[in-house]
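See structure below.
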Amino acid sequence: MTTTPRIPGPAPLSVLRGLSRRGFLDEMGHQWRTHGDTFAVRLGPQSMVLVVHPDAVRDVHLTRRRSFDKRKSYDGVRRYLTGDGLIASTGELWKRQRKLMAPFFTPRAVQTYADLMLADADRVVSRWRGLAASGVTVDMGEEMMELTASIILRAVFSTAAEEDIVRLKSRVETMIRYTTRRAVLPVPDWAPTPANRRYREARDEVHAYIDDLIAQRRAREAAGEPVPDDLLGHLMAARDSDGGAMGESLLRDEAITMFFAGHETTARTLAAAWAALAAHPDVADRLHAELDAELGEGPVTLEALKRLPYTLQVTKEVLRLYPAAPFYMRDAVEPVEIGGWDLTPGTAVMLTPYWTHRHPDFWGDPERFDPDRFTPEAEATRHPQAYFPFATGERVCIGNHFSLLESHLLLAVLARRFAPVVVGDPPRWLMAGVLSPEGGLPTVIRER
């Protein structure tokens with residue numbers, strides 16, 4: 001009788017000690033360096049296999065993609081946040097929704113939101129001039145969160161009033177925090193705890209707002225009146241090959257999903273960009289030189305972005321070193337081999353962009369911030385799955401073009417006027433649902 005070799009990995013108690021000293025992000029890096037590109041970890045009742053090598057990333061997402069789906073690992077996200085929204089749906093529902101929504105997120109389609117992005121960026125320029133004059137310290141993470149929340153909510157609900165945007169942002173963020181914390185500390189959701197109460201209140205308010213907005217638009221359609229030309233309007237008008245439309249609850253789920261996927265992640269990317277520029281004045285100088293030479297005093301436009309390749313390279317290098325989603329899960333749905341090891345159905349697999357983006361076999365001096373890694377020549381010679389900040393394969397983030405355009409535009413608009421300075425020691429980055437700086441990112445806004 002033969003036995004199947006066990007996937008290498010640390011003892012559970014060793015991991016717990018490491019987590020208390022290093023935190024999840026650095027502990028997983030330590031275990032990778034100790035056990036290799038594929039290793040197993042047990043955290044309490046949760047067992048998972050982590051894969052780091054780009055070949056394994058390719059297998060999970062492309063060559064053996066039918067062996068994986070978003071099953072048990074996404075139960076909490078489905079139940080408490082996105083429902084049947086695209087980010088966590090599976091099977092035929094996911095295929096239908098992806099096909100319906102894909103036309104609204106092509107590179108050309110997302111350009112229709114550039115004016116909206118630029119308008120919000122100009123609003124921040126005015127605000128930051130006041131902050132620069134006062135010398136006050138702000139949290140750059142919060143600054144970027146407010147900016148990207150306004151953009152995505154106006155893109156989804158173009159009729160949203162300013163007070164609605166502030167309220168929706170707060171309530172959806174409450175839902176996100178609750179869902180993230182439940183993954184670590186799953187207190188029964190029926191228990192009369194303050195966290196459960198806050199979550200239910202936030203969820204009910206968000207659901208009621210969106211349901212009411214959909215009902216208003218249905219009434220306008222019935223009366224022959226036009227519906228706003230925004231993402232919600234596009235989803236309401238979408239029809240599948242059989243002429244079927246999304247029902248009200250699915251429309252609501254997708255609206256929440258678009259905010260969840262398109263708000264905090266881009267905000268974290270931009271916050272990390274400011275931290276990286278403050279820590280690397282040579283990169284900042286080169287970025288400023290490009291902006292000055294190509295823009296002068298003229299406006300930032302879609303056409304102007306084509307003349308700002310280094311600004312885009314900076315954005316991509318930020319996404320390499322500081323991917324907003326540093327880890328994410330897939331679940332094996334059938335026996336499959338990954339990284340030379342046999343996995344059984346139900347095995348949770350954790351993909352690790354944060355560490356794959358630092359794999360020394362694919363990135364020279366991987367901890368160094370170097371935007372020249374993303375010249376067209378360098379990108380053409382790299383393993384396609386050595387870099388996947390938006391995942392990869394058929395389930396690549398549908399909003400990746402929206403996010404990249406938004407980051408490129410906002411960085412161009414703000415960096416041509418300002419050179420924010422991060423206060424104190426360089427930030428320590430932690431895994432908190434998304435990549436987050438420990439203790440925030442205190443920053444002083446300075447005009448150039």
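Naming works like this for the structure tokens: A, B, ... for the chains as they're shown, residue 1 at the start of each chain, ligands 1 onward in shown order.
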
Open item on the list: Neighbouring residues of A:Tyr209 were defined as those with any atom within 12 Å, considering only C-alpha atoms; residues of the same chain fewer than 2 positions away were excluded. Please report them as number ranges by chain.
Closed with: A: 157, 160, 164-165, 167-168, 171-172, 202-207, 211-216, 252, 255-256

Can I get the selected residues back with N, CA, C and O atoms, as a short mmCIF file (atom, residue, chain, number, x, y, z; two decimals), in the first residue's frame?
```
data_model
loop_
_atom_site.label_atom_id
_atom_site.label_comp_id
_atom_site.auth_asym_id
_atom_site.auth_seq_id
_atom_site.Cartn_x
_atom_site.Cartn_y
_atom_site.Cartn_z
N PHE A 157 -24.51 55.15 -9.91
CA PHE A 157 -25.76 55.89 -9.68
C PHE A 157 -25.54 57.36 -10.02
O PHE A 157 -25.27 58.18 -9.13
N ALA A 160 -26.97 60.14 -7.82
CA ALA A 160 -26.74 60.17 -6.38
C ALA A 160 -26.33 61.57 -5.92
O ALA A 160 -25.43 62.19 -6.47
N ASP A 164 -26.02 61.40 -0.26
CA ASP A 164 -26.23 59.97 -0.48
C ASP A 164 -24.89 59.26 -0.65
O ASP A 164 -24.70 58.14 -0.15
N ILE A 165 -23.96 59.89 -1.36
CA ILE A 165 -22.64 59.29 -1.57
C ILE A 165 -21.92 59.08 -0.25
O ILE A 165 -21.37 58.01 0.03
N ARG A 167 -23.25 58.81 2.74
CA ARG A 167 -23.94 57.81 3.54
C ARG A 167 -23.71 56.40 3.00
O ARG A 167 -23.42 55.47 3.74
N LEU A 168 -23.84 56.23 1.68
CA LEU A 168 -23.63 54.91 1.08
C LEU A 168 -22.21 54.42 1.30
O LEU A 168 -21.98 53.24 1.58
N ARG A 171 -21.94 53.13 4.85
CA ARG A 171 -22.69 51.90 5.12
C ARG A 171 -22.07 50.70 4.41
O ARG A 171 -21.98 49.61 5.00
N VAL A 172 -21.66 50.86 3.16
CA VAL A 172 -21.04 49.73 2.45
C VAL A 172 -19.71 49.37 3.10
O VAL A 172 -19.36 48.20 3.22
N ALA A 202 -26.67 48.76 8.47
CA ALA A 202 -26.00 49.22 7.25
C ALA A 202 -26.53 48.47 6.03
O ALA A 202 -26.86 49.08 4.99
N ARG A 203 -26.63 47.15 6.13
CA ARG A 203 -27.14 46.34 5.01
C ARG A 203 -28.55 46.75 4.62
O ARG A 203 -28.85 46.94 3.43
N ASP A 204 -29.41 46.89 5.61
CA ASP A 204 -30.80 47.22 5.31
C ASP A 204 -30.91 48.60 4.64
O ASP A 204 -31.72 48.80 3.73
N GLU A 205 -30.08 49.55 5.08
CA GLU A 205 -30.14 50.88 4.49
C GLU A 205 -29.62 50.87 3.05
O GLU A 205 -30.22 51.50 2.16
N VAL A 206 -28.53 50.15 2.80
CA VAL A 206 -27.99 50.06 1.44
C VAL A 206 -28.99 49.36 0.52
O VAL A 206 -29.27 49.83 -0.60
N HIS A 207 -29.53 48.23 0.97
CA HIS A 207 -30.49 47.51 0.14
C HIS A 207 -31.72 48.36 -0.16
O HIS A 207 -32.21 48.39 -1.29
N ASP A 211 -32.87 49.40 -3.86
CA ASP A 211 -34.18 48.89 -4.29
C ASP A 211 -35.11 50.04 -4.66
O ASP A 211 -35.85 49.96 -5.66
N ASP A 212 -35.08 51.11 -3.88
CA ASP A 212 -35.94 52.25 -4.16
C ASP A 212 -35.52 52.93 -5.46
O ASP A 212 -36.38 53.33 -6.27
N LEU A 213 -34.22 53.04 -5.69
CA LEU A 213 -33.74 53.66 -6.92
C LEU A 213 -34.15 52.84 -8.14
O LEU A 213 -34.58 53.39 -9.17
N ILE A 214 -34.03 51.51 -8.04
CA ILE A 214 -34.45 50.64 -9.15
C ILE A 214 -35.94 50.80 -9.40
O ILE A 214 -36.38 50.90 -10.56
N ALA A 215 -36.73 50.84 -8.32
CA ALA A 215 -38.18 51.00 -8.48
C ALA A 215 -38.52 52.33 -9.17
O ALA A 215 -39.40 52.38 -10.04
N GLN A 216 -37.82 53.39 -8.79
CA GLN A 216 -38.04 54.69 -9.43
C GLN A 216 -37.74 54.61 -10.93
O GLN A 216 -38.47 55.17 -11.76
N ARG A 252 -29.37 44.70 -7.56
CA ARG A 252 -28.86 45.25 -6.31
C ARG A 252 -27.52 44.61 -5.95
O ARG A 252 -26.57 45.29 -5.56
N ALA A 255 -24.80 46.00 -8.14
CA ALA A 255 -24.47 47.38 -7.78
C ALA A 255 -23.55 47.41 -6.56
O ALA A 255 -22.55 48.15 -6.53
N ILE A 256 -23.87 46.60 -5.55
CA ILE A 256 -23.01 46.53 -4.36
C ILE A 256 -21.65 45.98 -4.74
O ILE A 256 -20.60 46.47 -4.28
#
```

TODO: Find the residues near A:Trp274: any atom within 9 Å, counting only C-alpha atoms, skip ones fewer than 4 places away on the same chain, and give them as a PyMOL selection string.
DONE: chain A and resi 140+269-270+278-279+411+415+419-422

Preceding selection exported with N, CA, C and O atoms as a PDB file, in the first residue's frame:
```pdb
ATOM      1  N   MET A 140      -3.750  59.802   4.120  1.00  0.00           N
ATOM      2  CA  MET A 140      -3.852  59.692   2.667  1.00  0.00           C
ATOM      3  C   MET A 140      -4.791  58.566   2.254  1.00  0.00           C
ATOM      4  O   MET A 140      -5.480  58.661   1.231  1.00  0.00           O
ATOM      5  N   THR A 269      -4.443  51.416  -3.907  1.00  0.00           N
ATOM      6  CA  THR A 269      -3.393  51.556  -4.914  1.00  0.00           C
ATOM      7  C   THR A 269      -2.861  52.980  -4.949  1.00  0.00           C
ATOM      8  O   THR A 269      -1.639  53.218  -4.952  1.00  0.00           O
ATOM      9  N   LEU A 270      -3.763  53.955  -4.957  1.00  0.00           N
ATOM     10  CA  LEU A 270      -3.340  55.350  -5.025  1.00  0.00           C
ATOM     11  C   LEU A 270      -2.618  55.786  -3.754  1.00  0.00           C
ATOM     12  O   LEU A 270      -1.620  56.513  -3.816  1.00  0.00           O
ATOM     13  N   ALA A 278       6.899  59.366  -2.283  1.00  0.00           N
ATOM     14  CA  ALA A 278       7.561  60.087  -1.200  1.00  0.00           C
ATOM     15  C   ALA A 278       8.860  59.409  -0.788  1.00  0.00           C
ATOM     16  O   ALA A 278       9.828  60.084  -0.406  1.00  0.00           O
ATOM     17  N   ALA A 279       8.894  58.070  -0.889  1.00  0.00           N
ATOM     18  CA  ALA A 279      10.085  57.317  -0.479  1.00  0.00           C
ATOM     19  C   ALA A 279      11.133  57.226  -1.579  1.00  0.00           C
ATOM     20  O   ALA A 279      12.283  56.853  -1.308  1.00  0.00           O
ATOM     21  N   LEU A 411      -3.529  60.005 -10.774  1.00  0.00           N
ATOM     22  CA  LEU A 411      -2.129  60.263 -10.463  1.00  0.00           C
ATOM     23  C   LEU A 411      -1.596  61.418 -11.311  1.00  0.00           C
ATOM     24  O   LEU A 411      -0.869  62.285 -10.812  1.00  0.00           O
ATOM     25  N   ALA A 415      -0.453  64.587  -9.223  1.00  0.00           N
ATOM     26  CA  ALA A 415       1.005  64.671  -9.106  1.00  0.00           C
ATOM     27  C   ALA A 415       1.575  65.871  -9.865  1.00  0.00           C
ATOM     28  O   ALA A 415       2.679  66.329  -9.546  1.00  0.00           O
ATOM     29  N   ALA A 419       3.161  67.242  -4.262  1.00  0.00           N
ATOM     30  CA  ALA A 419       4.163  66.245  -3.891  1.00  0.00           C
ATOM     31  C   ALA A 419       3.963  65.927  -2.413  1.00  0.00           C
ATOM     32  O   ALA A 419       4.702  66.418  -1.547  1.00  0.00           O
ATOM     33  N   PRO A 420       2.942  65.126  -2.086  1.00  0.00           N
ATOM     34  CA  PRO A 420       2.654  64.815  -0.676  1.00  0.00           C
ATOM     35  C   PRO A 420       3.843  64.155   0.018  1.00  0.00           C
ATOM     36  O   PRO A 420       4.620  63.412  -0.599  1.00  0.00           O
ATOM     37  N   VAL A 421       3.977  64.438   1.311  1.00  0.00           N
ATOM     38  CA  VAL A 421       5.077  63.904   2.112  1.00  0.00           C
ATOM     39  C   VAL A 421       4.487  63.048   3.226  1.00  0.00           C
ATOM     40  O   VAL A 421       3.672  63.525   4.024  1.00  0.00           O
ATOM     41  N   VAL A 422       4.894  61.782   3.276  1.00  0.00           N
ATOM     42  CA  VAL A 422       4.424  60.881   4.325  1.00  0.00           C
ATOM     43  C   VAL A 422       5.169  61.190   5.611  1.00  0.00           C
ATOM     44  O   VAL A 422       6.403  61.319   5.616  1.00  0.00           O
TER      45      VAL A 422
END
```

Open item on the list: I'd like the contact shell of A:Ala378 - 12 Å cut-off, only C-alpha atoms, skipping same-chain residues fewer than 5 positions apart - returned as number ranges by chain.
Closed with: A: 313, 362-364, 370-373, 383-384

Selection to disk with N, CA, C and O atoms, as a CSV table (one decimal), in the first residue's frame:
```csv
chain,number,residue,atom,x,y,z
A,313,GLN,N,3.6,53.4,-16.0
A,313,GLN,CA,4.6,52.5,-15.4
A,313,GLN,C,4.7,52.6,-13.9
A,313,GLN,O,4.8,51.6,-13.2
A,362,PHE,N,11.7,35.7,-11.2
A,362,PHE,CA,11.1,36.5,-12.3
A,362,PHE,C,11.2,38.0,-12.1
A,362,PHE,O,10.9,38.7,-13.0
A,363,TRP,N,11.7,38.4,-11.0
A,363,TRP,CA,11.9,39.8,-10.7
A,363,TRP,C,13.3,40.0,-10.1
A,363,TRP,O,13.5,39.6,-8.9
A,364,GLY,N,14.2,40.7,-10.8
A,364,GLY,CA,15.5,41.0,-10.2
A,364,GLY,C,15.3,42.1,-9.1
A,364,GLY,O,14.6,43.0,-9.3
A,370,ASP,N,10.9,50.0,-9.0
A,370,ASP,CA,11.5,50.4,-10.3
A,370,ASP,C,10.4,50.3,-11.4
A,370,ASP,O,10.1,49.3,-12.0
A,371,PRO,N,9.8,51.5,-11.8
A,371,PRO,CA,8.8,51.5,-12.8
A,371,PRO,C,9.3,51.0,-14.2
A,371,PRO,O,8.5,50.7,-15.0
A,372,ASP,N,10.6,51.0,-14.4
A,372,ASP,CA,11.1,50.6,-15.7
A,372,ASP,C,10.9,49.1,-15.9
A,372,ASP,O,11.2,48.5,-17.0
A,373,ARG,N,10.4,48.4,-14.9
A,373,ARG,CA,10.1,47.0,-15.1
A,373,ARG,C,8.9,46.9,-16.1
A,373,ARG,O,8.6,45.8,-16.6
A,383,HIS,N,7.1,36.3,-17.8
A,383,HIS,CA,6.1,35.2,-17.6
A,383,HIS,C,4.7,35.9,-17.5
A,383,HIS,O,4.6,36.8,-16.6
A,384,PRO,N,3.7,35.5,-18.2
A,384,PRO,CA,2.4,36.2,-18.2
A,384,PRO,C,1.8,36.2,-16.8
A,384,PRO,O,1.0,37.1,-16.5
```

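Taking only C-alpha atoms into account, A:Gly262 lies nearest to A:Gly399 out of the set A:Gly399, A:Gly393, A:Pro426, A:Gly18.
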
Task: Every residue of stretch 297-399 of chain A that DSSP places in strand (DSSP E or B), as a ChimeraX atom specification - done: /A:328-332,336-338,341-343,348-351,389,391

Keeping only C-alpha atoms, write the selected residues to a file as an mmCIF file, in the first residue's frame.
```
data_model
loop_
_atom_site.group_PDB
_atom_site.id
_atom_site.type_symbol
_atom_site.label_atom_id
_atom_site.label_comp_id
_atom_site.auth_asym_id
_atom_site.auth_seq_id
_atom_site.Cartn_x
_atom_site.Cartn_y
_atom_site.Cartn_z
ATOM 1 C CA TYR A 328 -7.335 35.524 -2.721
ATOM 2 C CA MET A 329 -8.913 32.076 -2.802
ATOM 3 C CA ARG A 330 -10.066 29.379 -5.175
ATOM 4 C CA ASP A 331 -11.598 26.008 -4.260
ATOM 5 C CA ALA A 332 -10.765 22.709 -5.966
ATOM 6 C CA VAL A 336 -6.240 18.058 -9.600
ATOM 7 C CA GLU A 337 -2.462 18.403 -9.531
ATOM 8 C CA ILE A 338 -0.968 21.813 -8.794
ATOM 9 C CA TRP A 341 1.029 17.982 -5.597
ATOM 10 C CA ASP A 342 -2.318 16.219 -5.733
ATOM 11 C CA LEU A 343 -5.266 18.179 -4.360
ATOM 12 C CA ALA A 348 -8.899 25.742 -0.519
ATOM 13 C CA VAL A 349 -6.101 27.239 -2.622
ATOM 14 C CA MET A 350 -4.716 30.657 -1.835
ATOM 15 C CA LEU A 351 -3.145 32.651 -4.657
ATOM 16 C CA PRO A 389 -2.810 42.315 -9.577
ATOM 17 C CA ALA A 391 -6.193 38.035 -11.045
#
```

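For the pair atom CA of A:Thr112 and atom CA of A:Leu302, the separation is 10.0 Å.
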
TODO: Write out as a PyMOL selection string the residues lying within 12 Å of stretch 126-136 of chain A, counting only C-alpha atoms and excluding same-chain residues fewer than 5 positions away.
DONE: chain A and resi 119-121+143-144+147+413-415+417-421+423+442-448

Requested write-out: N, CA and C atoms of the selected residues, as an mmCIF file, in the first residue's frame:
```cif
data_model
loop_
_atom_site.group_PDB
_atom_site.id
_atom_site.type_symbol
_atom_site.label_atom_id
_atom_site.label_comp_id
_atom_site.auth_asym_id
_atom_site.auth_seq_id
_atom_site.Cartn_x
_atom_site.Cartn_y
_atom_site.Cartn_z
ATOM 1 N N ALA A 119 -13.487 65.298 -13.093
ATOM 2 C CA ALA A 119 -14.219 66.288 -12.306
ATOM 3 C C ALA A 119 -13.975 66.089 -10.821
ATOM 4 N N ASP A 120 -14.000 64.829 -10.366
ATOM 5 C CA ASP A 120 -13.728 64.576 -8.957
ATOM 6 C C ASP A 120 -12.269 64.873 -8.620
ATOM 7 N N ALA A 121 -11.359 64.608 -9.549
ATOM 8 C CA ALA A 121 -9.951 64.921 -9.315
ATOM 9 C C ALA A 121 -9.755 66.427 -9.164
ATOM 10 N N GLU A 143 -8.170 60.041 2.305
ATOM 11 C CA GLU A 143 -8.316 60.980 1.191
ATOM 12 C C GLU A 143 -8.652 60.234 -0.106
ATOM 13 N N MET A 144 -7.930 59.170 -0.370
ATOM 14 C CA MET A 144 -8.159 58.416 -1.595
ATOM 15 C C MET A 144 -9.467 57.623 -1.537
ATOM 16 N N LEU A 147 -12.260 59.919 -2.501
ATOM 17 C CA LEU A 147 -12.211 60.223 -3.928
ATOM 18 C C LEU A 147 -12.753 59.062 -4.759
ATOM 19 N N VAL A 413 -3.336 63.953 -12.673
ATOM 20 C CA VAL A 413 -3.933 65.227 -12.263
ATOM 21 C C VAL A 413 -3.321 65.731 -10.961
ATOM 22 N N LEU A 414 -3.168 64.859 -9.988
ATOM 23 C CA LEU A 414 -2.734 65.292 -8.661
ATOM 24 C C LEU A 414 -1.218 65.467 -8.569
ATOM 25 N N ALA A 415 -0.453 64.587 -9.223
ATOM 26 C CA ALA A 415 1.005 64.671 -9.106
ATOM 27 C C ALA A 415 1.575 65.871 -9.865
ATOM 28 N N ARG A 417 0.481 68.784 -9.626
ATOM 29 C CA ARG A 417 0.297 69.935 -8.736
ATOM 30 C C ARG A 417 0.891 69.742 -7.352
ATOM 31 N N PHE A 418 1.018 68.467 -6.913
ATOM 32 C CA PHE A 418 1.353 68.219 -5.513
ATOM 33 C C PHE A 418 2.443 67.160 -5.379
ATOM 34 N N ALA A 419 3.161 67.242 -4.262
ATOM 35 C CA ALA A 419 4.163 66.245 -3.891
ATOM 36 C C ALA A 419 3.963 65.927 -2.413
ATOM 37 N N PRO A 420 2.942 65.126 -2.086
ATOM 38 C CA PRO A 420 2.654 64.815 -0.676
ATOM 39 C C PRO A 420 3.843 64.155 0.018
ATOM 40 N N VAL A 421 3.977 64.438 1.311
ATOM 41 C CA VAL A 421 5.077 63.904 2.112
ATOM 42 C C VAL A 421 4.487 63.048 3.226
ATOM 43 N N VAL A 423 4.440 61.324 6.697
ATOM 44 C CA VAL A 423 4.999 61.701 7.993
ATOM 45 C C VAL A 423 5.453 60.448 8.742
ATOM 46 N N PRO A 442 -0.307 58.864 7.569
ATOM 47 C CA PRO A 442 -0.303 60.322 7.836
ATOM 48 C C PRO A 442 0.566 61.052 6.818
ATOM 49 N N THR A 443 -0.017 62.095 6.234
ATOM 50 C CA THR A 443 0.621 62.769 5.099
ATOM 51 C C THR A 443 0.384 64.272 5.175
ATOM 52 N N VAL A 444 1.396 65.026 4.795
ATOM 53 C CA VAL A 444 1.267 66.465 4.636
ATOM 54 C C VAL A 444 1.231 66.772 3.142
ATOM 55 N N ILE A 445 0.201 67.482 2.714
ATOM 56 C CA ILE A 445 0.066 67.850 1.303
ATOM 57 C C ILE A 445 0.929 69.065 1.017
ATOM 58 N N ARG A 446 1.778 68.965 0.021
ATOM 59 C CA ARG A 446 2.630 70.089 -0.379
ATOM 60 C C ARG A 446 2.485 70.343 -1.866
ATOM 61 N N GLU A 447 2.323 71.628 -2.198
ATOM 62 C CA GLU A 447 2.281 71.983 -3.611
ATOM 63 C C GLU A 447 3.687 71.954 -4.190
ATOM 64 N N ARG A 448 3.767 71.608 -5.433
ATOM 65 C CA ARG A 448 5.072 71.596 -6.097
ATOM 66 C C ARG A 448 5.519 73.023 -6.410
#
```

Task: Selection: 8 Å around A:Leu321, only C-alpha atoms, excl. self and same-chain fewer than 6 positions, as a PyMOL selection string - done: chain A and resi 354+357-358+367+369
